[in-house]
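For reference, the structure is listed below as structure tokens.
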Amino acid sequence: MAKRTDTEVNAGAASGPTAEGLAAAAQSAGKKGPPPVHLWNPPFCGDLDMEIRRDGTWFYLGTPIGRPALVKLFSSILRRDGDAYFLVTPVEKVGIRVEDAPFVAVDAEVSGEGRAQDLTFTTHVGDTVTAGPDHPIRVERDAETGEPSPYVLVRANLDALIDRKTFYRLVERGVHEDQGGTSWFGLWSGGVFFKVISSAELEG
């Protein structure tokens with residue numbers, strides 16, 4: 001499937017919200033730093049045919065958006081309200097689809113050791129966050145296969161799925177800790193111990 005060019009993205013729909021209009025508003029709003037999307041309360045203007053797949057690829061009108069700078073721009077005005085995702089500008093709010101998490105953590109830098117360890121993640125759109133009280137790590141397990149899906153909170157209800165290679169590299173830094181009388185295997189970062197799997201289940 002061919003990636004969508006800037007011209008095709010800018011074409012948008014004949015009426016209603018368009019990718020072109022959102023991109024222009026995001027660019028204007030971001031000139032003085034990250035857009036304060038949490039402060040904006042514009043009217044809902046409908047849904048846009050835009051989707052973020054589990055691997056972090058953004059699709060518009062059924063084809064991938066090929067320009068990373070444009071994806072980064074859209075990601076800067078992304079907001080989650082409840083279980084729904086929106087692109088928000090000062091004047092409009094449009095719904096988009098997100099298959100899993102809107103971001104993917106593609107790398108992590110480890111500094112320090114033991115309980116003083118810090119894990120700093122980089123997402124596919126260039127955000128960096130250090131896991132800790134404000135950016136917790138959580139691990140969900142598939143009910144049928146037991147396959148883990150690890151996430152780190154990037155900002156305001158927006159998670160990044162930690163990709164497989166990064167997660168398994170970090171697991172090598174995992175330790176066992178007693179938590180409320182139960183031993184857990186997990187990761188330290190930012191002074192917080194994040195549970196991955198119970199020690200008994202891991203050893204079993």
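Chain identifiers are assigned as A, B, and so on, following the order in which chains appear in the structure tokens; residues are numbered from 1 within each chain, and ligands are numbered from 1 in order of appearance.
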
>> Could you list, as number ranges by chain, every residue within 12 Å of Ser28 of chain A, counting only C-alpha atoms and ignoring same-chain residues fewer than 5 positions away?
In response: A: 21-23, 33-35, 73, 76-77, 89-90

Pull C-alpha atoms from the residues just selected and write them as a PDB file, in the first residue's frame.
ATOM      1  CA  GLY A  21      -6.940  22.378   8.595  1.00  0.00           C
ATOM      2  CA  LEU A  22      -5.844  20.412  11.644  1.00  0.00           C
ATOM      3  CA  ALA A  23      -2.192  20.443  10.563  1.00  0.00           C
ATOM      4  CA  GLY A  33       5.966  25.255  22.757  1.00  0.00           C
ATOM      5  CA  PRO A  34       3.766  22.161  23.139  1.00  0.00           C
ATOM      6  CA  PRO A  35       0.118  22.939  22.324  1.00  0.00           C
ATOM      7  CA  LEU A  73       2.581  17.419  14.305  1.00  0.00           C
ATOM      8  CA  SER A  76       1.141  17.032  19.410  1.00  0.00           C
ATOM      9  CA  ILE A  77      -2.613  17.803  19.377  1.00  0.00           C
ATOM     10  CA  THR A  89      -7.256  22.633  18.250  1.00  0.00           C
ATOM     11  CA  PRO A  90      -8.552  25.868  19.802  1.00  0.00           C
TER      12      PRO A  90
END

Which residues of segment 3-118 of chain A come within 10 Å of segment 147-169 of chain A, and what is each one's closest atom pair and distance in Å (one decimal), counting only C-alpha atoms, sorted by chain and residue number, as CSV?
residue,atom,partner,partner_atom,distance
A:Val37,CA,A:Ala156,CA,9.9
A:His38,CA,A:Ala156,CA,8.2
A:Arg54,CA,A:Leu161,CA,8.1
A:Asp55,CA,A:Asp163,CA,8.5
A:Gly56,CA,A:Leu161,CA,8.8
A:Leu78,CA,A:Leu158,CA,8.5
A:Arg79,CA,A:Leu158,CA,7.4
A:Arg80,CA,A:Asn157,CA,6.1
A:Asp81,CA,A:Asn157,CA,8.0
A:Gly82,CA,A:Asn157,CA,8.6
A:Asp83,CA,A:Asn157,CA,9.5
A:Tyr85,CA,A:Leu158,CA,9.2
A:Asp100,CA,A:Leu161,CA,8.0
A:Ala101,CA,A:Asp159,CA,5.6
A:Pro102,CA,A:Ala160,CA,6.4
A:Phe103,CA,A:Ala160,CA,4.2
A:Val104,CA,A:Ala160,CA,4.6
A:Ala105,CA,A:Ile162,CA,4.6
A:Val106,CA,A:Asp163,CA,5.7
A:Asp107,CA,A:Thr166,CA,5.6
A:Ala108,CA,A:Thr166,CA,6.5
A:Glu109,CA,A:Thr166,CA,9.6

> What residues in segment 32-93 of chain A get the DSSP label strand (DSSP E or B)? Please answer as a list in words.
Replying inline: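 Restricting segment 32-93 of chain A to strand (DSSP E or B) produces Phe44, Cys45, Gly46, Asp47, Leu48, Asp49, Met50, Glu51, Ile52, Trp58, Phe59, Tyr60, Thr63, Pro64, Ile65, Leu78, Arg79, Arg80, Asp81, Ala84, Tyr85, Phe86, Leu87, Val88 and Lys93 of chain A.
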
Please produce an output containing C-alpha atoms for each residue in the selection, written as a PDB file, in the first residue's frame.
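Once written, part.pdb looks like this:
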ATOM      1  CA  PHE A  44     -16.927  18.414  18.608  1.00  0.00           C
ATOM      2  CA  CYS A  45     -16.874  18.552  14.806  1.00  0.00           C
ATOM      3  CA  GLY A  46     -17.275  14.875  13.941  1.00  0.00           C
ATOM      4  CA  ASP A  47     -14.924  12.027  13.159  1.00  0.00           C
ATOM      5  CA  LEU A  48     -12.005  12.051  10.754  1.00  0.00           C
ATOM      6  CA  ASP A  49     -11.009   8.950   8.776  1.00  0.00           C
ATOM      7  CA  MET A  50      -7.687   8.721  10.595  1.00  0.00           C
ATOM      8  CA  GLU A  51      -6.333   5.749  12.557  1.00  0.00           C
ATOM      9  CA  ILE A  52      -3.229   4.898  14.555  1.00  0.00           C
ATOM     10  CA  TRP A  58      -0.834   6.722  11.219  1.00  0.00           C
ATOM     11  CA  PHE A  59      -3.352   6.168   8.426  1.00  0.00           C
ATOM     12  CA  TYR A  60      -5.461   8.820   6.708  1.00  0.00           C
ATOM     13  CA  THR A  63      -3.310   4.827   3.502  1.00  0.00           C
ATOM     14  CA  PRO A  64      -0.246   5.554   5.666  1.00  0.00           C
ATOM     15  CA  ILE A  65       0.902   9.094   6.287  1.00  0.00           C
ATOM     16  CA  LEU A  78      -3.787  14.317  20.360  1.00  0.00           C
ATOM     17  CA  ARG A  79      -5.975  14.007  23.444  1.00  0.00           C
ATOM     18  CA  ARG A  80      -7.767  11.142  25.150  1.00  0.00           C
ATOM     19  CA  ASP A  81     -11.104  11.757  26.846  1.00  0.00           C
ATOM     20  CA  ALA A  84     -11.998   8.023  22.973  1.00  0.00           C
ATOM     21  CA  TYR A  85      -9.203   9.809  21.112  1.00  0.00           C
ATOM     22  CA  PHE A  86      -9.388  13.226  19.497  1.00  0.00           C
ATOM     23  CA  LEU A  87      -7.273  15.721  17.609  1.00  0.00           C
ATOM     24  CA  VAL A  88      -7.919  19.044  19.314  1.00  0.00           C
ATOM     25  CA  LYS A  93     -12.277  18.656  18.145  1.00  0.00           C
TER      26      LYS A  93
END

> Could you pull out all residues of segment 30-92 of chain A with a DSSP call of helix (DSSP H, G or I) and give them as an MDAnalysis selection string?
Replying inline: chainID A and resid 30:32 37:39 68:75

> What is the distance, in Å and to one decimal place, between atom CA of Thr120 of chain A and atom CA of Gly180 of chain A?
Replying inline: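 About the pair atom CA of Thr120 of chain A and atom CA of Gly180 of chain A: they are 27.0 Å apart.
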
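Atom CA of Glu203 of chain A is positioned 16.6 Å from atom CA of Arg141 of chain A.
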